[in-house]
Structures are given as structure tokens and as C-alpha cells.
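Peer 1: Sharing a structure below in C-alpha cells format, with a few things to ask.
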2 protein chains.
Amino acid sequence: MQFTSEQRLDGVVLEREFVLGEIPGILWTPGFASASAPMPLILLSPPPLGLRKMYPRLVAHARQAAADGFATATIELPGGGERPRLPSAERAVADLRRALAAGEAVSDEIIDALILPLVDRAVPEWREALDALLRLPEIGGPVGYSGGVISIGTRLAVVEPRIAAAVLFAGSFVPRAMFEEARQVTIPLHVLLQWDDEGNDRQAALNLFDAFGSKEKTLHANMGGHTGVPQFAGDAAAQFFTRHLK
Amino acid sequence: MQFTSEQRLDGVVLEREFVLGEIPGILWTPGFASASAPMPLILLSPPPLGLRKMYPRLVAHARQAAADGFATATIELPGGGERPRLPSAERAVADLRRALAAGEAVSDEIIDALILPLVDRAVPEWREALDALLRLPEIGGPVGYSGGVISIGTRLAVVEPRIAAAVLFAGSFVPRAMFEEARQVTIPLHVLLQWDDEGNDRQAALNLFDAFGSKEKTLHANMGGHTGVPQFAGDAAAQFFTRHLK
């Protein structure tokens, strides 16, 4: 991991861009981090749209988390931002658009092709990022994951024992195979669902929530469309991390 | 409304028992109420088991609400505690037990007979209690409703304009007619659902949540069985009232 730039936001939060091999990322830490004990970390997974497009929402998250005493970090997803496109995903997106334009149901094959290669590639990258981040003296854990591609968060929760709790946003297609993985999740989960998110399959989200094996799992469903998560729902997610990571 | 007894809990919360005609009730107010401005009120509807049986849970609610600056009040439901039984409900309970023992689905007719007469009787009583409570100088409103028979809360939210926000516990049978009433609800709602509550019809609860007409409605689903609402879920409900009633 190599830092490429740094700036102070409002003189408080330290924002450092980095590259991890070819993957760009950003780390945010509360001010005066070096003076204090190693702090817990929240991995903020961006939607596949890319870090730059999502920057305003990510930095808002990061500021709130810093105020609560957390470091946060994010990396560009495979195929996101300036990273090389994933050819399989490009084809799946074209198939998806065709199906939606024709008013057809989105087939399991399209969903698998859209999501599974992304999960297969992203999860090892997030683990590698976690290795690098936890080597920094100011980052100590425990580690939370907060993310928008729910299948990535589900896989990470199964395979990455350093992740202690996760906030998962149920707003993307769920491949059939993920229901089986969900049963193996045991960490505390806080799942956000936008109830009237027209591009999302609400029933699949409820089925996935039902499948999670965790003894503590909470579903927060709200109105406001895909991008309209209310402020109070963000606050509740922040409280979840404070409960579990501090 | 006639007060029949009063005591201080921990020297802080004033607990006053009262009767409203034949109906027993309890009012809790934070200490030193008379010195401050008229305060907001939360109506705490008990489950039909009766005030005495539910007292520990009610008083825990009342203490938390008092710490947040709210008065709380409750009245015995029709047929609850020492109040005269409702013959229609007794028959419906017998039919319900028979159906459950025979492993049959609970019919709409049984659900209607169990719930609708209770709603029809309880709602005017709660409105009468509200009239009396709002005449007290220390109670000013706004008024919230927090309750365990979700159909009573739904009807109250439709017919009683003084109720500004409601926490509804989705843990009881829902008559078909309530879905139509739910569409007429417009106040902010915070709905609690115990996901693995075996005695509850989860799909009916989700359908009712979907039917509510409110622009702000939130569903919090948690693990822990019918009576196992986690502490953090209670805290979130309290924050909902603070957001809407203060």
C-alpha cells in the first residue's frame, strides 16, 4: 500500500489516497490519530459506480465515522472507476438492459453473470487491503464492513474472520448461490432495505435476511427509494458499529 | 378520570393509578413535572394479558420515556385484567386453540372475531383517556402511541388526529379489514417485528407494513422471539419518539 496524497478535511479528518498494487483507495482517520490508541476500522465498500462518483457519499460516511472514533477505508471495486472493465460483467449488463427493455424477468443466469465474478474478484482484494491497513500503527481493529453490494459483504463475512460486524445494504441482485453462503454467516448484521426501491427485488432481500445464520441480525426497512436512505437510518447503522466495534 | 393512588419510583418518576369510569389506568410523569412546561405524552397500550401481568415491562418503558422527558399512560384493554371478559373474544380464543391443536390454519373468521370487537371497543376508550389526560396541566402533547395490538394502533392512527407518531409492534393477528385502514394512515410509523416469532404471521406483518400510507415508515425486524425485543431496538423506538414528539 502506497500513499499518493493527503489532505485534512475541515482540519479534522485526515484523508489519504493510496494505491494497493493497481487498485486505488482512500483512508480516512480522525484527527490526532497518532496520539491515541490504535483505532477500530470500518471498510466502506462503494457501489460499482466508482469511487469518484460516490465520493460525496463516502466522505459523508467517513466524517460521521471519524466523529465516532473510527478509521474508514475504501478501495475501487473490480471494473469500477478507472479500473479495467470486467468483460463478463459488461456482457451481463447488456443482457440485463435487454431483459428490462423487453419487460422480461431478469433471469438467474444474468444475475449470476453480473454478480458472481465481481464477488470472486473483489473479496480477495478487500482481504489484501485489510492486511495492509492493519499493518498501519494507527489502525488496530476490530473491523466492520459497510457495503452496497450485499453479496460481497456476505462472502466477506463468511471467509474473513477479522470482520466482526457488518452493515449490509440490500439493494442489488442476489445470485442463488449467495443464499447458501448467507447461512454460514454468524457475525452481527445490520441490514438496510429501501422498501420502495423499484430496481431491487424486495422479496429476494427478505429471503436473504431470513437466510443469514447470525443470531443477532436486524433489518431496517425505510421509504425513500434506492438512494434515499434517511439520515436517521444512517445514524442507527452508526450506532450498530459503535455497539459492536468499541 | 380519578386518581386512586400515587407513588414515587426511585424518587424520580411519579406513578399515579387512576380510573376512567370503570377502566383502570396508570400515568407516569418525570419528576418535578409541575415546574416545567406541559410535556409530550406517549400512550402505552398493553397486550391483552392485562396491566398487572405486564407491569414490569410497562414501567420499564415508562422510566425510559420519563428520562427522555415524556409522560406515559396506559389503560386496561377491554376484557383485560379484572375487566369483564368479552364473550366474542372468549369464543374466538377457544376456536383459535382448537384450530392450532388440530394443526389447521387460523381462519380469517377466527381472526376477525378475535381482534375486531377488541379494536371497536378499545379505540373509543383510548380517545376518552386522551381527552382526560390532555386536560391535566402537566400534559401538553404532542402525543405518541406505542402498542402491542397493532390493529388498535392502526385504527387509532386513522381516527385520532391528536396522535402524531406511533410505534407499532407487529406481533398479533391482522384482520383483513385492517389492510384497508392501514392505507389511510399518514403519520410517521416505527414498526417492530420479531422475525422468528413463531406465533406471528410474518408475511401478514410485512403486508401490513407495505399497506401503511405513511410517507415515513420504518420496519425494524429483530431476532429473539415474541418477547425478546432487544434493548437496542427499544432504544431505537425511543429515539423515534424523541425525533417526532419533541
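Going by the C-alpha cells order, chains are called A, B, ..., each with residues numbered from 1, while ligands are numbered from 1 in the order shown.
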Against chain B, which residues of chain A fall within 10 Å? For each one I want the closest pair of atoms and the distance in Å (one decimal), counting only C-alpha atoms, rows by chain and increasing residue number, as a Markdown table.
Peer 2:
```
| residue | atom | partner | partner_atom | distance |
| --- | --- | --- | --- | --- |
| A:His190 | CA | B:Asn222 | CA | 9.6 |
| A:Val191 | CA | B:Ala221 | CA | 9.6 |
| A:Leu192 | CA | B:His220 | CA | 9.7 |
| A:Leu193 | CA | B:Leu219 | CA | 9.4 |
| A:Gln194 | CA | B:Thr218 | CA | 9.6 |
| A:Trp195 | CA | B:Asp210 | CA | 8.2 |
| A:Asp196 | CA | B:Asp210 | CA | 9.1 |
| A:Leu206 | CA | B:Leu206 | CA | 9.8 |
| A:Phe209 | CA | B:Trp195 | CA | 9.8 |
| A:Asp210 | CA | B:Trp195 | CA | 8.2 |
| A:Ser214 | CA | B:Met223 | CA | 9.3 |
| A:Lys215 | CA | B:Met223 | CA | 7.0 |
| A:Glu216 | CA | B:Met223 | CA | 6.4 |
| A:Lys217 | CA | B:Asn222 | CA | 6.2 |
| A:Thr218 | CA | B:Asn222 | CA | 4.7 |
| A:Leu219 | CA | B:Ala221 | CA | 4.9 |
| A:His220 | CA | B:His220 | CA | 4.8 |
| A:Ala221 | CA | B:Leu219 | CA | 4.9 |
| A:Asn222 | CA | B:Thr218 | CA | 4.7 |
| A:Met223 | CA | B:Glu216 | CA | 6.3 |
| A:Gly224 | CA | B:Lys215 | CA | 8.4 |
| A:Pro230 | CA | B:Glu216 | CA | 9.3 |
| A:Phe232 | CA | B:Phe240 | CA | 8.7 |
| A:Ala233 | CA | B:Thr218 | CA | 8.9 |
| A:Ala236 | CA | B:Ala236 | CA | 7.5 |
| A:Gln239 | CA | B:Phe232 | CA | 9.2 |
| A:Phe240 | CA | B:Phe232 | CA | 8.7 |
| A:Arg243 | CA | B:Phe232 | CA | 9.1 |
```
Peer 1: How would the residues just chosen look if you wrote them out with C-alpha atoms as a CSV table (one decimal), in the first residue's frame?
Peer 2:
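Once everything was written out, this is out_37.csv:
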```csv
chain,number,residue,atom,x,y,z
A,190,HIS,CA,-27.5,-4.7,10.4
A,191,VAL,CA,-29.3,-4.9,7.0
A,192,LEU,CA,-30.7,-1.8,5.3
A,193,LEU,CA,-33.5,-2.2,2.8
A,194,GLN,CA,-35.2,0.6,0.9
A,195,TRP,CA,-38.7,-0.7,0.8
A,196,ASP,CA,-39.8,1.1,-2.3
A,206,LEU,CA,-36.2,-10.5,2.7
A,209,PHE,CA,-32.1,-11.6,5.5
A,210,ASP,CA,-34.0,-14.7,6.6
A,214,SER,CA,-26.4,-14.8,12.6
A,215,LYS,CA,-28.0,-14.9,16.0
A,216,GLU,CA,-28.0,-11.1,16.0
A,217,LYS,CA,-29.4,-9.7,12.8
A,218,THR,CA,-31.6,-6.6,12.3
A,219,LEU,CA,-33.4,-5.5,9.3
A,220,HIS,CA,-34.2,-1.8,8.9
A,221,ALA,CA,-36.6,-1.1,6.1
A,222,ASN,CA,-37.3,2.5,5.1
A,223,MET,CA,-39.0,4.6,2.5
A,224,GLY,CA,-37.2,6.9,0.1
A,230,PRO,CA,-33.0,8.6,5.7
A,232,PHE,CA,-31.9,8.5,11.0
A,233,ALA,CA,-31.2,5.2,9.3
A,236,ALA,CA,-28.8,3.8,13.5
A,239,GLN,CA,-24.9,3.1,16.5
A,240,PHE,CA,-24.7,-0.5,15.4
A,243,ARG,CA,-22.1,-1.2,19.8
```
Peer 1: Tell me, as a list in words, which residues lie within 9 Å of region 120-131 of chain B, counting only C-alpha atoms; anything in the same chain fewer than 4 positions away does not count.
Peer 2: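 Once the adjacent positions are removed, what remains is Met1, Leu20, Ile23, Gly25, Leu43, Ser45, Ala73, Thr74, Ile75, Leu77, Pro78, Ile115, Leu116, Arg135, Val143, Ile152, Gly153, Arg155, Leu156, Val159, Glu160 and Arg162 of chain B.
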Peer 1: Least-squares fit on all C-alpha atoms, paired in order: put chain B onto chain A and return it as a short mmCIF file (atom, residue, chain, number, x, y, z; two decimals) with C-alpha atoms, in the first residue's frame.
Peer 2:
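Result file follows (selection_0.cif):
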```cif
data_model
loop_
_atom_site.label_atom_id
_atom_site.label_comp_id
_atom_site.auth_asym_id
_atom_site.auth_seq_id
_atom_site.Cartn_x
_atom_site.Cartn_y
_atom_site.Cartn_z
CA MET B 1 0.01 -0.02 -0.02
CA GLN B 2 1.42 3.28 -1.08
CA PHE B 3 0.03 6.65 -0.05
CA THR B 4 -0.21 9.06 -2.98
CA SER B 5 -1.75 12.17 -1.45
CA GLU B 6 -3.07 13.50 1.82
CA GLN B 7 -5.25 16.36 2.99
CA ARG B 8 -7.07 17.47 6.12
CA LEU B 9 -10.84 17.85 5.80
CA ASP B 10 -12.00 20.81 7.92
CA GLY B 11 -8.68 20.49 9.74
CA VAL B 12 -10.03 17.38 11.43
CA VAL B 13 -10.25 14.23 9.35
CA LEU B 14 -7.07 13.08 7.61
CA GLU B 15 -7.85 11.81 4.09
CA ARG B 16 -5.11 9.80 2.42
CA GLU B 17 -5.36 8.37 -1.08
CA PHE B 18 -3.39 5.21 -1.72
CA VAL B 19 -2.80 2.50 -4.28
CA LEU B 20 -2.72 -1.15 -3.46
CA GLY B 21 -0.94 -2.56 -6.49
CA GLU B 22 -3.18 -1.23 -9.28
CA ILE B 23 -6.17 -0.59 -7.05
CA PRO B 24 -6.89 2.97 -5.89
CA GLY B 25 -8.26 3.53 -2.42
CA ILE B 26 -8.83 6.13 0.29
CA LEU B 27 -8.20 6.01 4.04
CA TRP B 28 -9.84 8.44 6.46
CA THR B 29 -8.71 8.77 10.07
CA PRO B 30 -9.90 11.08 12.85
CA GLY B 31 -7.56 13.95 13.70
CA PHE B 32 -4.62 13.42 16.07
CA ALA B 33 -4.74 9.67 15.39
CA SER B 34 -1.07 9.13 16.21
CA ALA B 35 -1.60 10.40 19.72
CA SER B 36 -4.26 7.82 20.58
CA ALA B 37 -4.54 4.06 20.78
CA PRO B 38 -4.93 2.03 17.56
CA MET B 39 -8.46 2.54 16.39
CA PRO B 40 -11.22 0.35 15.00
CA LEU B 41 -11.73 0.33 11.24
CA ILE B 42 -14.79 0.28 9.00
CA LEU B 43 -14.34 -0.91 5.43
CA LEU B 44 -16.69 1.14 3.24
CA SER B 45 -17.45 -0.73 0.07
CA PRO B 46 -18.58 1.60 -2.71
CA PRO B 47 -21.22 0.67 -5.27
CA PRO B 48 -19.71 -0.41 -8.61
CA LEU B 49 -20.25 3.12 -9.99
CA GLY B 50 -16.78 4.04 -8.82
CA LEU B 51 -15.06 5.92 -6.02
CA ARG B 52 -15.05 9.29 -7.73
CA LYS B 53 -18.77 9.29 -8.46
CA MET B 54 -19.55 8.08 -4.96
CA TYR B 55 -17.02 10.34 -3.21
CA PRO B 56 -19.57 12.74 -1.63
CA ARG B 57 -21.49 9.90 -0.02
CA LEU B 58 -18.34 8.06 1.04
CA VAL B 59 -16.78 11.11 2.64
CA ALA B 60 -20.01 11.90 4.49
CA HIS B 61 -19.85 8.37 5.93
CA ALA B 62 -16.18 8.79 6.74
CA ARG B 63 -16.74 12.07 8.59
CA GLN B 64 -19.53 10.57 10.70
CA ALA B 65 -17.40 7.51 11.46
CA ALA B 66 -14.40 9.67 12.37
CA ALA B 67 -16.57 11.64 14.79
CA ASP B 68 -17.45 8.28 16.36
CA GLY B 69 -13.75 7.35 16.62
CA PHE B 70 -13.44 5.04 13.61
CA ALA B 71 -11.00 4.94 10.75
CA THR B 72 -12.64 4.16 7.41
CA ALA B 73 -11.19 2.91 4.16
CA THR B 74 -12.43 2.09 0.70
CA ILE B 75 -11.00 0.62 -2.49
CA GLU B 76 -12.24 0.76 -6.06
CA LEU B 77 -14.22 -2.34 -6.98
CA PRO B 78 -13.08 -4.54 -9.90
CA GLY B 79 -14.36 -2.88 -13.07
CA GLY B 80 -15.21 0.35 -11.22
CA GLY B 81 -13.92 3.88 -11.85
CA GLU B 82 -10.73 3.85 -13.96
CA ARG B 83 -10.08 0.15 -13.37
CA PRO B 84 -10.22 -2.21 -16.39
CA ARG B 85 -13.75 -3.28 -17.20
CA LEU B 86 -14.82 -6.85 -16.35
CA PRO B 87 -15.86 -8.31 -19.74
CA SER B 88 -18.27 -10.82 -18.17
CA ALA B 89 -20.00 -8.03 -16.25
CA GLU B 90 -20.25 -5.82 -19.34
CA ARG B 91 -22.02 -8.63 -21.21
CA ALA B 92 -24.28 -9.25 -18.23
CA VAL B 93 -25.22 -5.58 -18.02
CA ALA B 94 -26.11 -5.61 -21.72
CA ASP B 95 -28.24 -8.73 -21.19
CA LEU B 96 -29.85 -7.11 -18.16
CA ARG B 97 -30.75 -3.96 -20.11
CA ARG B 98 -32.19 -6.07 -22.91
CA ALA B 99 -34.32 -8.05 -20.46
CA LEU B 100 -35.58 -4.91 -18.69
CA ALA B 101 -36.32 -3.16 -22.00
CA ALA B 102 -38.29 -6.21 -23.15
CA GLY B 103 -40.21 -6.22 -19.87
CA GLU B 104 -38.89 -9.70 -19.07
CA ALA B 105 -37.97 -11.05 -15.65
CA VAL B 106 -34.23 -10.91 -15.00
CA SER B 107 -33.02 -14.50 -15.24
CA ASP B 108 -30.86 -16.22 -12.64
CA GLU B 109 -28.22 -16.65 -15.33
CA ILE B 110 -27.97 -12.90 -15.88
CA ILE B 111 -27.82 -12.25 -12.11
CA ASP B 112 -25.09 -14.87 -11.67
CA ALA B 113 -23.03 -13.42 -14.53
CA LEU B 114 -23.49 -9.88 -13.19
CA ILE B 115 -22.60 -10.51 -9.56
CA LEU B 116 -20.57 -13.68 -9.03
CA PRO B 117 -17.41 -12.70 -10.98
CA LEU B 118 -17.47 -9.35 -9.15
CA VAL B 119 -17.66 -11.11 -5.77
CA ASP B 120 -14.98 -13.61 -6.75
CA ARG B 121 -12.58 -10.81 -7.64
CA ALA B 122 -13.48 -8.22 -5.04
CA VAL B 123 -13.30 -10.34 -1.90
CA PRO B 124 -9.59 -11.26 -2.16
CA GLU B 125 -8.82 -7.60 -2.87
CA TRP B 126 -10.66 -6.45 0.23
CA ARG B 127 -8.77 -9.02 2.29
CA GLU B 128 -5.49 -7.80 0.86
CA ALA B 129 -6.49 -4.21 1.66
CA LEU B 130 -7.31 -5.30 5.19
CA ASP B 131 -3.86 -6.89 5.56
CA ALA B 132 -2.24 -3.62 4.51
CA LEU B 133 -4.50 -1.38 6.62
CA LEU B 134 -4.01 -3.42 9.78
CA ARG B 135 -0.25 -3.06 9.40
CA LEU B 136 -0.60 0.71 9.94
CA PRO B 137 0.20 1.59 13.56
CA GLU B 138 -2.91 3.79 13.93
CA ILE B 139 -5.32 1.02 12.86
CA GLY B 140 -5.97 -1.69 15.39
CA GLY B 141 -9.38 -3.18 14.78
CA PRO B 142 -11.92 -4.56 15.41
CA VAL B 143 -13.06 -4.31 11.82
CA GLY B 144 -16.51 -3.66 10.44
CA TYR B 145 -17.73 -3.81 6.87
CA SER B 146 -20.33 -1.47 5.43
CA GLY B 147 -21.28 -2.12 1.89
CA GLY B 148 -23.53 -1.73 -1.01
CA VAL B 149 -23.04 -4.93 -2.98
CA ILE B 150 -24.64 -7.24 -0.46
CA SER B 151 -23.13 -10.38 -2.00
CA ILE B 152 -19.59 -9.05 -1.47
CA GLY B 153 -20.37 -8.34 2.18
CA THR B 154 -21.94 -11.75 2.60
CA ARG B 155 -18.92 -13.58 1.16
CA LEU B 156 -16.51 -11.44 3.20
CA ALA B 157 -18.46 -12.14 6.39
CA VAL B 158 -18.08 -15.86 5.72
CA VAL B 159 -14.42 -16.03 4.70
CA GLU B 160 -12.77 -13.17 6.61
CA PRO B 161 -12.63 -13.84 10.34
CA ARG B 162 -11.25 -10.38 11.11
CA ILE B 163 -14.60 -8.78 10.24
CA ALA B 164 -16.57 -8.57 13.48
CA ALA B 165 -19.82 -6.92 12.33
CA ALA B 166 -21.35 -5.72 9.08
CA VAL B 167 -23.89 -3.22 7.78
CA LEU B 168 -25.22 -4.58 4.51
CA PHE B 169 -27.29 -2.58 2.03
CA ALA B 170 -29.83 -4.83 0.33
CA GLY B 171 -30.10 -3.01 -2.96
CA SER B 172 -28.56 -5.32 -5.57
CA PHE B 173 -29.44 -8.58 -7.29
CA VAL B 174 -28.73 -11.70 -5.24
CA PRO B 175 -27.39 -14.80 -7.02
CA ARG B 176 -28.97 -18.07 -5.88
CA ALA B 177 -25.63 -19.32 -4.57
CA MET B 178 -25.48 -16.47 -2.03
CA PHE B 179 -28.40 -17.83 -0.01
CA GLU B 180 -26.28 -20.86 0.89
CA GLU B 181 -23.34 -18.64 1.83
CA ALA B 182 -25.66 -16.44 3.91
CA ARG B 183 -26.48 -19.42 6.14
CA GLN B 184 -22.80 -19.60 7.10
CA VAL B 185 -22.65 -16.00 8.33
CA THR B 186 -22.52 -15.75 12.12
CA ILE B 187 -21.36 -12.17 12.86
CA PRO B 188 -23.85 -9.47 13.95
CA LEU B 189 -25.56 -7.94 10.93
CA HIS B 190 -27.48 -4.73 10.35
CA VAL B 191 -29.28 -4.91 7.01
CA LEU B 192 -30.69 -1.81 5.30
CA LEU B 193 -33.51 -2.21 2.81
CA GLN B 194 -35.17 0.59 0.89
CA TRP B 195 -38.72 -0.74 0.81
CA ASP B 196 -39.84 1.08 -2.33
CA ASP B 197 -36.60 0.64 -4.30
CA GLU B 198 -38.08 -0.21 -7.67
CA GLY B 199 -34.86 -1.57 -9.12
CA ASN B 200 -34.48 -4.03 -6.25
CA ASP B 201 -36.16 -7.38 -5.66
CA ARG B 202 -37.66 -6.84 -2.21
CA GLN B 203 -38.60 -10.48 -1.74
CA ALA B 204 -35.05 -11.63 -2.55
CA ALA B 205 -33.74 -9.17 0.05
CA LEU B 206 -36.16 -10.51 2.68
CA ASN B 207 -35.22 -14.09 1.78
CA LEU B 208 -31.53 -13.26 2.12
CA PHE B 209 -32.12 -11.62 5.51
CA ASP B 210 -33.99 -14.74 6.57
CA ALA B 211 -31.13 -16.96 5.38
CA PHE B 212 -28.35 -15.26 7.37
CA GLY B 213 -27.17 -17.58 10.13
CA SER B 214 -26.34 -14.77 12.57
CA LYS B 215 -27.99 -14.86 15.98
CA GLU B 216 -28.03 -11.05 16.00
CA LYS B 217 -29.40 -9.71 12.77
CA THR B 218 -31.56 -6.63 12.30
CA LEU B 219 -33.43 -5.45 9.25
CA HIS B 220 -34.16 -1.74 8.90
CA ALA B 221 -36.58 -1.07 6.06
CA ASN B 222 -37.30 2.54 5.11
CA MET B 223 -39.02 4.58 2.46
CA GLY B 224 -37.26 6.94 0.07
CA GLY B 225 -36.09 4.91 -2.93
CA HIS B 226 -32.71 3.35 -3.68
CA THR B 227 -30.59 6.38 -2.82
CA GLY B 228 -32.93 7.89 -0.24
CA VAL B 229 -31.75 6.19 2.96
CA PRO B 230 -32.96 8.60 5.67
CA GLN B 231 -30.46 10.32 7.94
CA PHE B 232 -31.90 8.54 10.99
CA ALA B 233 -31.24 5.18 9.31
CA GLY B 234 -27.61 6.16 8.79
CA ASP B 235 -27.43 7.17 12.44
CA ALA B 236 -28.81 3.79 13.50
CA ALA B 237 -26.19 2.00 11.40
CA ALA B 238 -23.49 4.11 13.07
CA GLN B 239 -24.86 3.15 16.49
CA PHE B 240 -24.69 -0.52 15.45
CA PHE B 241 -20.96 -0.17 14.75
CA THR B 242 -20.37 1.68 18.00
CA ARG B 243 -22.12 -1.15 19.85
CA HIS B 244 -20.06 -3.85 18.20
CA LEU B 245 -16.65 -2.37 17.48
CA LYS B 246 -15.91 -0.26 20.55
#
```
Peer 1: Please report, as JSON, numbers by chain, each residue of region 10-186 of chain B to which DSSP assigns helix (DSSP H, G or I) when run on this structure's backbone.
Peer 2: {"B": [33, 34, 35, 51, 52, 53, 54, 55, 56, 57, 58, 59, 60, 61, 62, 63, 64, 65, 66, 67, 87, 88, 89, 90, 91, 92, 93, 94, 95, 96, 97, 98, 99, 100, 101, 108, 109, 110, 111, 112, 113, 114, 115, 116, 117, 118, 119, 120, 121, 122, 123, 124, 125, 126, 127, 128, 129, 130, 131, 132, 133, 134, 150, 151, 152, 153, 154, 155, 156, 157, 158, 159, 176, 177, 178, 179, 180, 181, 182, 183]}
